[in-house]
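Below is protein10.tsv, holding TSV, C-alpha atoms.
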chain	number	residue	atom	x	y	z
A	1	MET	CA	34.10	2.96	-1.56
A	2	ASP	CA	31.40	4.95	0.22
A	3	ASN	CA	32.25	8.46	1.31
A	4	PRO	CA	31.75	8.50	5.13
A	5	ALA	CA	30.88	12.21	5.13
A	6	ARG	CA	28.22	11.79	2.43
A	7	THR	CA	26.84	8.70	4.20
A	8	ALA	CA	26.59	10.59	7.48
A	9	GLU	CA	24.89	13.51	5.72
A	10	PHE	CA	22.39	11.16	4.10
A	11	ILE	CA	21.53	9.59	7.46
A	12	ILE	CA	21.05	13.01	9.06
A	13	HIS	CA	18.69	14.13	6.29
A	14	ARG	CA	16.81	10.82	6.32
A	15	ASP	CA	16.29	10.88	10.08
A	16	ALA	CA	15.17	14.53	9.95
A	17	ARG	CA	12.70	13.71	7.17
A	18	ARG	CA	11.27	10.79	9.12
A	19	ALA	CA	10.97	12.83	12.31
A	20	THR	CA	9.15	15.61	10.44
A	21	LEU	CA	6.76	13.10	8.87
A	22	GLN	CA	6.09	11.46	12.23
A	23	GLN	CA	5.31	14.80	13.85
A	24	HIS	CA	3.06	15.85	10.96
A	25	LEU	CA	1.10	12.60	11.09
A	26	ALA	CA	0.74	12.84	14.87
A	27	GLU	CA	-0.91	16.24	14.47
A	28	LEU	CA	-2.94	15.30	11.40
A	29	LEU	CA	-4.33	12.08	12.86
A	30	ALA	CA	-4.71	13.11	16.49
A	31	ALA	CA	-8.49	12.88	16.27
A	32	HIS	CA	-8.62	9.75	14.10
A	33	SER	CA	-8.08	6.15	15.15
A	34	ARG	CA	-9.08	4.29	11.95
A	35	ILE	CA	-8.13	5.45	8.46
A	36	THR	CA	-8.36	4.41	4.82
A	37	LEU	CA	-5.06	4.55	2.97
A	38	GLU	CA	-4.13	4.73	-0.71
A	39	ILE	CA	-0.52	3.93	-1.48
A	40	GLY	CA	0.67	5.65	-4.65
A	41	ALA	CA	-2.33	7.94	-5.00
A	42	GLY	CA	-1.13	9.58	-8.21
A	43	HIS	CA	-3.21	12.64	-9.11
A	44	GLY	CA	-5.85	11.72	-6.54
A	45	HIS	CA	-8.78	10.88	-8.83
A	46	PHE	CA	-9.68	7.61	-7.12
A	47	LEU	CA	-9.32	8.63	-3.48
A	48	THR	CA	-11.06	11.98	-3.95
A	49	ASP	CA	-14.13	10.21	-5.31
A	50	TYR	CA	-13.85	7.53	-2.62
A	51	ALA	CA	-13.68	10.12	0.17
A	52	THR	CA	-16.65	11.94	-1.34
A	53	ALA	CA	-18.70	8.74	-1.21
A	54	HIS	CA	-17.42	7.77	2.28
A	55	ARG	CA	-17.64	10.96	4.33
A	56	GLU	CA	-17.57	8.94	7.54
A	57	GLU	CA	-14.04	7.68	6.83
A	58	PHE	CA	-10.82	9.66	7.14
A	59	CYS	CA	-8.71	9.02	4.04
A	60	LEU	CA	-5.00	9.49	3.53
A	61	GLY	CA	-3.30	9.24	0.16
A	62	PHE	CA	0.37	9.61	-0.59
A	63	ASP	CA	2.80	9.51	-3.47
A	64	LEU	CA	6.53	9.99	-4.01
A	65	LEU	CA	6.20	12.76	-6.60
A	66	ARG	CA	5.47	16.25	-5.30
A	67	ASP	CA	3.67	17.36	-8.47
A	68	ARG	CA	1.21	14.49	-8.17
A	69	VAL	CA	0.56	15.24	-4.51
A	70	GLU	CA	-0.03	18.94	-5.19
A	71	ARG	CA	-2.48	18.18	-8.01
A	72	ALA	CA	-4.27	15.61	-5.84
A	73	GLN	CA	-4.58	18.07	-2.95
A	74	ARG	CA	-6.05	20.69	-5.28
A	75	LYS	CA	-8.77	18.19	-6.25
A	76	CYS	CA	-9.45	17.60	-2.58
A	77	ASN	CA	-9.66	21.34	-1.89
A	78	ARG	CA	-12.00	21.97	-4.82
A	79	ALA	CA	-14.28	19.23	-3.51
A	80	LYS	CA	-14.11	20.86	-0.04
A	81	LEU	CA	-13.41	17.53	1.61
A	82	THR	CA	-12.47	17.59	5.28
A	83	ASN	CA	-11.95	13.82	5.47
A	84	LEU	CA	-9.10	13.59	2.97
A	85	VAL	CA	-5.42	14.62	2.88
A	86	PHE	CA	-2.61	13.89	0.42
A	87	LEU	CA	1.06	13.77	1.44
A	88	LYS	CA	4.43	13.31	-0.22
A	89	ALA	CA	6.04	10.25	1.35
A	90	GLU	CA	7.61	6.86	0.74
A	91	ALA	CA	5.51	3.82	1.63
A	92	ALA	CA	7.71	2.18	4.27
A	93	GLU	CA	8.49	5.50	5.96
A	94	LEU	CA	4.85	6.57	6.13
A	95	ILE	CA	3.63	3.29	7.56
A	96	ALA	CA	6.41	3.34	10.16
A	97	ALA	CA	5.55	6.94	11.08
A	98	LEU	CA	1.83	6.32	11.72
A	99	PRO	CA	0.87	7.14	15.33
A	100	ALA	CA	0.48	4.19	17.67
A	101	HIS	CA	-3.25	4.82	18.17
A	102	VAL	CA	-4.02	4.69	14.43
A	103	VAL	CA	-5.00	1.50	12.61
A	104	LEU	CA	-5.71	0.93	8.92
A	105	GLN	CA	-9.22	-0.21	8.02
A	106	ARG	CA	-8.80	-0.32	4.23
A	107	ILE	CA	-5.70	-0.09	2.03
A	108	PHE	CA	-5.71	0.50	-1.73
A	109	VAL	CA	-2.72	-0.34	-3.93
A	110	LEU	CA	-3.81	0.47	-7.47
A	111	PHE	CA	-1.62	-0.15	-10.52
A	112	PRO	CA	1.77	0.19	-8.79
A	113	ASP	CA	4.96	0.04	-10.86
A	114	PRO	CA	5.27	-3.65	-11.89
A	115	TRP	CA	9.06	-3.51	-12.33
A	116	PRO	CA	8.79	-6.11	-15.12
A	117	LYS	CA	12.50	-6.93	-15.52
A	118	ARG	CA	13.60	-9.83	-13.31
A	119	ARG	CA	16.56	-7.93	-11.87
A	120	HIS	CA	14.15	-5.20	-10.72
A	121	HIS	CA	11.61	-7.49	-9.01
A	122	LYS	CA	13.16	-6.65	-5.63
A	123	HIS	CA	11.67	-3.15	-6.00
A	124	ARG	CA	8.09	-4.39	-6.26
A	125	LEU	CA	5.85	-3.15	-3.47
A	126	MET	CA	3.78	-6.28	-2.87
A	127	GLN	CA	6.36	-8.36	-1.03
A	128	THR	CA	6.86	-9.67	2.50
A	129	ASP	CA	8.94	-6.65	3.53
A	130	PHE	CA	5.89	-4.50	2.77
A	131	LEU	CA	3.10	-6.86	3.83
A	132	HIS	CA	4.51	-7.43	7.32
A	133	PRO	CA	4.65	-3.80	8.58
A	134	LEU	CA	1.35	-3.14	6.82
A	135	ALA	CA	-0.27	-5.98	8.75
A	136	ALA	CA	1.17	-4.63	11.98
A	137	LYS	CA	-0.78	-1.40	11.47
A	138	ALA	CA	-3.97	-3.00	10.09
A	139	ALA	CA	-7.06	-3.69	12.17
A	140	ALA	CA	-8.41	-7.23	12.29
A	141	GLY	CA	-10.55	-7.68	9.19
A	142	ALA	CA	-8.96	-4.72	7.40
A	143	GLU	CA	-9.05	-4.96	3.61
A	144	LEU	CA	-5.99	-4.86	1.38
A	145	CYS	CA	-7.23	-4.09	-2.15
A	146	PHE	CA	-4.69	-4.65	-4.93
A	147	ARG	CA	-5.17	-4.14	-8.66
A	148	THR	CA	-2.74	-4.33	-11.59
A	149	ASP	CA	-2.75	-4.75	-15.36
A	150	ASP	CA	0.51	-6.75	-15.27
A	151	ALA	CA	-0.34	-10.47	-15.18
A	152	ALA	CA	3.11	-11.57	-14.00
A	153	TYR	CA	3.10	-9.05	-11.17
A	154	PHE	CA	-0.40	-10.08	-10.14
A	155	ALA	CA	0.66	-13.74	-9.95
A	156	ALA	CA	3.74	-12.86	-7.89
A	157	ALA	CA	1.80	-10.55	-5.56
A	158	LYS	CA	-0.93	-13.14	-5.06
A	159	ALA	CA	1.70	-15.73	-4.15
A	160	GLU	CA	3.26	-13.37	-1.61
A	161	VAL	CA	-0.09	-12.64	0.03
A	162	LEU	CA	-1.06	-16.32	0.10
A	163	ALA	CA	2.19	-17.16	1.87
A	164	HIS	CA	1.86	-14.42	4.46
A	165	PRO	CA	0.58	-15.47	7.91
A	166	ASP	CA	-1.36	-12.24	8.51
A	167	TRP	CA	-3.29	-11.88	5.25
A	168	GLU	CA	-6.00	-14.07	3.74
A	169	ILE	CA	-7.24	-13.63	0.18
A	170	THR	CA	-11.03	-13.66	0.09
A	171	PRO	CA	-12.21	-14.48	-3.46
A	172	THR	CA	-15.84	-13.69	-2.61
A	173	ALA	CA	-15.10	-10.25	-1.17
A	174	PRO	CA	-16.50	-7.52	-3.44
A	175	TRP	CA	-14.28	-4.72	-4.71
A	176	PRO	CA	-15.27	-1.95	-2.29
A	177	PHE	CA	-15.43	1.02	-4.67
A	178	GLU	CA	-15.18	1.50	-8.41
A	179	ARG	CA	-13.71	4.61	-10.00
A	180	GLU	CA	-11.76	4.23	-13.21
A	181	THR	CA	-8.23	5.55	-12.75
A	182	VAL	CA	-6.02	6.89	-15.54
A	183	PHE	CA	-3.99	3.66	-15.58
A	184	GLN	CA	-7.13	1.55	-15.53
A	185	SER	CA	-8.60	3.41	-18.51
A	186	ARG	CA	-5.47	2.62	-20.52
A	187	ALA	CA	-5.28	-1.04	-19.52
A	188	PRO	CA	-6.72	-3.62	-21.93
A	189	ALA	CA	-7.27	-5.89	-18.91
A	190	TYR	CA	-6.50	-5.97	-15.21
A	191	GLN	CA	-6.78	-8.26	-12.18
A	192	SER	CA	-7.79	-7.52	-8.60
A	193	LEU	CA	-7.60	-9.19	-5.22
A	194	VAL	CA	-8.96	-8.37	-1.79
A	195	ALA	CA	-7.15	-9.78	1.24
A	196	LEU	CA	-8.35	-9.51	4.83
A	197	ARG	CA	-6.14	-9.03	7.87
A	198	ARG	CA	-6.46	-12.24	9.82
A	199	THR	CA	-7.80	-12.04	13.36
A	200	ILE	CA	-5.20	-14.63	14.39
A	201	SER	CA	-1.99	-15.17	12.42
A	202	LEU	CA	-1.21	-18.60	11.01
A	203	ASN	CA	1.06	-20.70	13.17
A	204	PHE	CA	4.59	-21.51	12.04
A	205	GLU	CA	3.75	-24.90	10.50
A	206	GLN	CA	0.82	-23.55	8.51
A	207	ASN	CA	2.85	-20.64	7.21
A	208	GLN	CA	5.82	-22.82	6.24
A	209	SER	CA	3.47	-25.09	4.30
A	210	LEU	CA	2.13	-22.12	2.31
A	211	VAL	CA	5.63	-20.77	1.70
A	212	ALA	CA	6.77	-24.19	0.42
A	213	GLU	CA	3.77	-24.35	-1.92
A	214	VAL	CA	4.49	-20.87	-3.29
A	215	LYS	CA	8.17	-21.72	-3.85
A	216	LEU	CA	7.20	-24.92	-5.68
A	217	ASN	CA	4.80	-23.00	-7.91
A	218	ARG	CA	7.56	-20.51	-8.74
A	219	ILE	CA	9.97	-23.33	-9.66
A	220	VAL	CA	7.37	-25.02	-11.86
A	221	GLY	CA	6.61	-21.69	-13.51
A	222	LYS	CA	10.28	-21.13	-14.35
A	223	ILE	CA	10.60	-24.63	-15.82
A	224	ARG	CA	7.59	-24.05	-18.03
Will you turn the file into structure tokens for me?
Amino acid sequence: MDNPARTAEFIIHRDARRATLQQHLAELLAAHSRITLEIGAGHGHFLTDYATAHREEFCLGFDLLRDRVERAQRKCNRAKLTNLVFLKAEAAELIAALPAHVVLQRIFVLFPDPWPKRRHHKHRLMQTDFLHPLAAKAAAGAELCFRTDDAAYFAAAKAEVLAHPDWEITPTAPWPFERETVFQSRAPAYQSLVALRRTISLNFEQNQSLVAEVKLNRIVGKIR
């Protein structure tokens, strides 16, 4: 049975953390209305090079591990970049804390944890519970750039994006920026997709048709 006192303490700390993050982002992004985001920025190699090549964009990278964020920020400081910041945060909390005037113009999700065991699939990032709030903060035409070396995860993520009413995979869209990450250098192979934020969401019937198709593909895959 849950301890009510510990539960209440957890809620207090969680709400305080979220309020602090919201205030920090409000101050950090006060002068910016469109940003480029990297979710799970690791040690910051990719986004530091991206921000260097795209000085006109304001870039925000974040990760759960403090050591990674500190190392990434040191790279940013050494490069003397004024258009890049790294933060320690959790994905859902950061997206929810973004100021109302800020929209996402490009989102990178590079080699996230694939959670390969079936019982852990619920922890995967690229799912409806993530895609929906992300779409709510994305500008029309914004790019969601996903890359992984796990074939099963790529197939599952692609199915989730295909079934989502707000995102459209664009096979002809070029990968916007190449910089080999640590994970990429170790991967024997990897797959990528670029999805655009739809200008108008699919209607209910169209979305249900895609969802049914995805479910059927999953069933067939399990049978095989």
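In this comparison, which uses all atoms listed in the file, the residue of A:Arg78, A:Lys158, A:Arg18, A:His45 approaching Ala92 of chain A most closely is A:Arg18.
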8 Å contact set for segment 46-61 of chain A, only C-alpha atoms, chain neighbours under 4 positions out, as a list in words: His32, Arg34, Ile35, Thr36, Leu37, Glu38, Ile39, Gly40, Ala41, Ala72, Lys75, Cys76, Ala79, Leu81, Asn83, Leu84, Val85, Phe86, Leu87, Phe177, Arg179, Glu180 and Thr181 of chain A
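The protein and nucleic acid residues lying at most 7 Å from Gly42 of chain A are Gly40, Gly44, Asp63, Arg68 and Val69 of chain A, with all atoms listed in the file considered and sequence neighbours fewer than 2 positions away removed.
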Any chance you could tabulate, as CSV, the residues of segment 79-171 of chain A at most 8 Å from segment 185-197 of chain A with each one's nearest atom pair and distance in Å to one decimal, using only C-alpha atoms, in chain and rising number order?
residue,atom,partner,partner_atom,distance
A:Ala135,CA,A:Arg197,CA,6.7
A:Ala138,CA,A:Arg197,CA,6.8
A:Ala139,CA,A:Arg197,CA,6.9
A:Ala140,CA,A:Arg197,CA,5.3
A:Gly141,CA,A:Arg197,CA,4.8
A:Ala142,CA,A:Arg197,CA,5.2
A:Glu143,CA,A:Leu196,CA,4.8
A:Leu144,CA,A:Ala195,CA,5.1
A:Cys145,CA,A:Val194,CA,4.6
A:Phe146,CA,A:Leu193,CA,5.4
A:Arg147,CA,A:Ser192,CA,4.3
A:Thr148,CA,A:Tyr190,CA,5.5
A:Asp149,CA,A:Tyr190,CA,3.9
A:Asp150,CA,A:Tyr190,CA,7.1
A:Ala151,CA,A:Gln191,CA,7.4
A:Phe154,CA,A:Gln191,CA,6.9
A:Lys158,CA,A:Leu193,CA,7.8
A:Val161,CA,A:Ala195,CA,7.7
A:Asp166,CA,A:Arg197,CA,5.8
A:Trp167,CA,A:Arg197,CA,4.8
A:Glu168,CA,A:Ala195,CA,5.1
A:Ile169,CA,A:Ala195,CA,4.0
A:Thr170,CA,A:Ala195,CA,5.6
A:Pro171,CA,A:Val194,CA,7.1
Two-atom distance - atom CA of Val109 of chain A, atom CA of Ser201 of chain A (Å):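 For atom CA of Val109 of chain A relative to atom CA of Ser201 of chain A, the distance reads 22.1 Å.
For the choices A:Ala97, A:Glu27, A:Lys122, A:Val182, the atom-to-atom distance to His43 of chain A is smallest for A:Val182 when using all atoms listed in the file.
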Coordinates-based distance that separates atom CA of Leu104 of chain A from atom CA of Ala91 of chain A (Å, one decimal):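 Result for atom CA of Ala91 of chain A versus atom CA of Leu104 of chain A: 13.7 Å, one decimal.
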